[in-house]
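Asker: Before anything else, here's the structure in question.
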Amino acid sequence: MSSNDEAVGAGNRGHPTNGLSDTVHQRNRLGILTIAAEAERVEVAYLRDALELTAGNLSRHLAVLEEADLIQIERGYHGRRPKTWIRITEQGQAALAAEINALRELLRRHQEFRAAT
Amino acid sequence: MSDRSSTAPNSGDTPAELLASVTALQRRTRAVRNAYWLPLLLFGLLMAAAAPLYVESVDPLAMRGGQDNPALTGLGGDFLERSATLGWYWLAALIGGYLLSLWWYRWHGVRVGVQTPARPYVIAGIVGTIVGLVLPIVLRYLLLNTATAVSSATSWVTTPLLGISDRGMFPHLVIAVGLLVLARLERSRGLTVVAAVYAAAVVLVNIYFQTANFEPGDLNRYSLLLAALLPAPILLVGGGIALLNTIKRSA
């Protein structure tokens with residue numbers, strides 16, 4: 001299974017933990033996808049500040065997400081200043097939705113279990 | 001891992017904590033991205049600036065109609081003394097307003113680093129403007145130039161729409177549709193409320209004019225001004241509150 005399939009396709013099989021993707025579930029990558037899904041595109045500097053990441057760490061997480069086709073990276077200039085923008089792909093939207101659904105399902109089962117005991 | 005993250009969701013958290021972190025990130029990003037105060041204030045001010053064109057020089061004896069204005073002034077309607085000028089005004093104001101909004105969202109997005117997809121909002125506004133120009137011609141054709149069966153069957157929708165258009169209030173509808181589209185793009189409850197209240201005000205004012213059985217002398221020179229100006233404070237107050245919240249957040 002490719003990292004892409006693993007990221008978006010594990011949605012609805014058996015236990016909800018099967019819906020959690022290693023690519024997406026990592027806390028910073030989940031944060032990046034969450035922010036990117038809220039906008040048409042988001043600048044790397046905003047992600048760095050919002051997630052309190054170092055440039056090197058952010059760059060590594062972005063590379064993983066780009067490799068899995070979950071985001072697109074656009075490099076350009078605003079005036080003379082270089083700007084790098086991140087755009088979430090449709091696969092990225094699907095992977096994020098699958099992750100959140102899996103988390104909700106886990107939470108529901110956890111609450112049902114606690115209510116039963 | 002050397003991440004110094006405290007705001008990102010933590011994989012070690014429980015699902016509830018993770019979902020709460022995701023929601024907090026969504027809210028924070030949305031708050032930074034939201035910039036709808038400008039379109040609200042802009043269109044509220046454009047509406048207020050159009051006020052003099054809705055005033056008649058004398059009390060009208062009955063509804064005016066059948067003016068031979070150019071097709072491009074269709075947004076100004078047919079009932080007002082200065083319908084043609086009003087039509088040119090709204091044509092320039094709507095196109096200018098939507099293009100300025102697009103520029104504003106681009107500029108704001110670059111400044112804060114999070115861009116709202118504003119293009120569908122501008123497309124909705126420009127398409128609405130074109131519809132506002134073409135619709136009166138189509139409606140008149142349906143009402144007056146088609147077989148009685150066709151005009152009778154469609155009059156329940158053509159008559160009220162033509163009334164809105166003739167009173168020079170179709171631009172208000174175009175603004176309402178644009179704001180409802182923008183509320184969806186902004187994912188903002190505040191803007192949804194403002195847009196819905198504004199749209200309801202526009203519709204109610206026009207229902208009143210459509211259903212009231214006006215006799216000659218019932219309308220005075222300010223009647224259509226009141227109708228056209230009534231929804232403007234909703235946009236101005238909504239935009240003002242949104243601007244204050246933005247200033248408060250950035251302070």
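We name chains A, B, ... following the order of the structure tokens; residues begin at 1 in each chain, and ligands are numbered from 1 as shown.
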May I ask you to extract the residues of chain A within 8 Å of chain B, using only C-alpha atoms, and to give them as a list in words?
Answerer: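 Selected residues: His25, Gln26, Arg27, Asn28, Leu30, Gly31, Thr34, Ile35, Glu38, Ala39, Glu40, Arg41, Val42, Glu43, Val44, Ala45, Tyr46, Ala50, Leu51, Glu52, Leu53, Thr54, Asn57, Ile100, Leu103, Arg104, Leu106 and Leu107 of chain A.
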Asker: Within 12 Å of B:Ala50, counting only C-alpha atoms, which residues show up once you throw out same-chain ones fewer than 3 positions away? Write them as a ChimeraX atom specification, please.
Answerer: /B:43-47,53-55,76,82-83,85-94,168-169,171-172,224-226,228-229,232
Asker: Please produce a file of those selected residues containing C-alpha atoms, as a PDB file, in the first residue's frame.
Answerer:
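Output file again_38.pdb is given in full below:
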ATOM      1  CA  PHE B  43     -21.802  47.749   0.317  1.00  0.00           C
ATOM      2  CA  GLY B  44     -23.588  49.447   3.243  1.00  0.00           C
ATOM      3  CA  LEU B  45     -21.887  52.738   2.324  1.00  0.00           C
ATOM      4  CA  LEU B  46     -22.563  52.279  -1.408  1.00  0.00           C
ATOM      5  CA  MET B  47     -26.235  51.768  -0.548  1.00  0.00           C
ATOM      6  CA  LEU B  53     -31.135  58.921  -6.390  1.00  0.00           C
ATOM      7  CA  TYR B  54     -34.144  57.264  -4.729  1.00  0.00           C
ATOM      8  CA  VAL B  55     -35.743  60.629  -3.811  1.00  0.00           C
ATOM      9  CA  GLY B  76     -32.003  51.374 -11.679  1.00  0.00           C
ATOM     10  CA  ARG B  82     -33.668  59.193 -11.820  1.00  0.00           C
ATOM     11  CA  SER B  83     -33.802  55.489 -12.759  1.00  0.00           C
ATOM     12  CA  THR B  85     -28.670  57.597 -13.274  1.00  0.00           C
ATOM     13  CA  LEU B  86     -29.386  55.055 -10.538  1.00  0.00           C
ATOM     14  CA  GLY B  87     -28.813  52.262 -13.062  1.00  0.00           C
ATOM     15  CA  TRP B  88     -25.409  53.628 -14.092  1.00  0.00           C
ATOM     16  CA  TYR B  89     -24.545  54.147 -10.410  1.00  0.00           C
ATOM     17  CA  TRP B  90     -25.361  50.575  -9.403  1.00  0.00           C
ATOM     18  CA  LEU B  91     -23.630  49.111 -12.444  1.00  0.00           C
ATOM     19  CA  ALA B  92     -20.388  50.880 -11.504  1.00  0.00           C
ATOM     20  CA  ALA B  93     -20.895  50.366  -7.732  1.00  0.00           C
ATOM     21  CA  LEU B  94     -21.547  46.611  -7.948  1.00  0.00           C
ATOM     22  CA  GLY B 168     -34.368  49.835  -8.261  1.00  0.00           C
ATOM     23  CA  MET B 169     -33.848  47.220  -5.551  1.00  0.00           C
ATOM     24  CA  PRO B 171     -28.862  45.480  -6.614  1.00  0.00           C
ATOM     25  CA  HIS B 172     -29.888  44.846  -2.986  1.00  0.00           C
ATOM     26  CA  LEU B 224     -38.769  54.366  -2.314  1.00  0.00           C
ATOM     27  CA  LEU B 225     -35.812  55.951  -0.517  1.00  0.00           C
ATOM     28  CA  LEU B 226     -37.007  54.411   2.755  1.00  0.00           C
ATOM     29  CA  ALA B 228     -33.960  51.160  -0.468  1.00  0.00           C
ATOM     30  CA  LEU B 229     -32.223  52.507   2.620  1.00  0.00           C
ATOM     31  CA  ALA B 232     -28.306  49.436   4.743  1.00  0.00           C
TER      32      ALA B 232
END
Asker: Give me the residues within 12 Å of stretch 142-146 of chain B as a list in words, counting only C-alpha atoms and dropping any in the same chain fewer than 5 places off.
Answerer: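 Neighbouring residues, sequence-local ones excluded: Leu135, Pro136, Ile137, Ser151, Ser152, Ala153, Thr154, Ser155, Trp156, Val157, Thr158, Thr159, Pro160, Leu161 and Leu162 of chain B.
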Asker: Restricted to C-alpha atoms, what would the selected residues look like written as an mmCIF file, in the first residue's frame?
Answerer:
data_model
loop_
_atom_site.group_PDB
_atom_site.id
_atom_site.type_symbol
_atom_site.label_atom_id
_atom_site.label_comp_id
_atom_site.auth_asym_id
_atom_site.auth_seq_id
_atom_site.Cartn_x
_atom_site.Cartn_y
_atom_site.Cartn_z
ATOM 1 C CA LEU B 135 -33.863 39.957 -16.055
ATOM 2 C CA PRO B 136 -36.167 43.009 -16.502
ATOM 3 C CA ILE B 137 -36.103 42.476 -20.268
ATOM 4 C CA SER B 151 -47.894 34.989 -18.771
ATOM 5 C CA SER B 152 -50.641 33.900 -16.327
ATOM 6 C CA ALA B 153 -48.770 30.725 -15.350
ATOM 7 C CA THR B 154 -45.532 32.619 -14.657
ATOM 8 C CA SER B 155 -46.968 35.837 -13.199
ATOM 9 C CA TRP B 156 -46.632 34.581 -9.584
ATOM 10 C CA VAL B 157 -42.842 34.844 -9.989
ATOM 11 C CA THR B 158 -42.447 37.412 -12.781
ATOM 12 C CA THR B 159 -44.606 40.133 -11.170
ATOM 13 C CA PRO B 160 -42.805 40.312 -7.779
ATOM 14 C CA LEU B 161 -39.369 40.063 -9.424
ATOM 15 C CA LEU B 162 -40.261 42.817 -11.868
#
Asker: Quick one: everything within 12 Å of A:Glu90, counting only C-alpha atoms, minus sequence neighbours fewer than 3 positions away in the same chain. Send it as number ranges by chain.
Answerer: A: 4, 8, 33, 36-37, 40, 68-72, 87, 93-97
Asker: Using only C-alpha atoms, which of A:Glu112, A:Glu105, A:Glu67, A:Glu74 sits nearest A:Thr23?
Answerer: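 Checking each of A:Glu112, A:Glu105, A:Glu67, A:Glu74 against A:Thr23, counting only C-alpha atoms, the winner is A:Glu67.
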Asker: So which residues of stretch 82-248 of chain B fall under helix (DSSP H, G or I) by DSSP, listed as a PyMOL selection string?
Answerer: chain B and resi 83-112+119-144+148-166+170-186+189-211+223-229+232-248
Asker: Any chance you could list, as a ChimeraX atom specification, the residues in stretch 37-84 of chain A that come up strand (DSSP E or B) when DSSP is run on the backbone?
Answerer: /A:41-43,71-78,81-84
Asker: In Å, with one decimal, what is the gap from atom CA of B:Leu182 to atom CA of B:Leu230?
Answerer: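 Distance reported for this atom pair: 21.6 Å.
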Asker: What does the structure give for the distance between atom CA of B:Tyr222 and atom CA of B:Ser57, in Å to one decimal?
Answerer: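 These atoms are spaced 9.3 Å apart.
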Asker: Measuring atom to atom with only C-alpha atoms, identify which of B:Ala242, B:Ala200, B:Leu100, B:Ile164 is nearest to B:Val177.
Answerer: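 That would be B:Ala200, the residue with the smallest distance to B:Val177.
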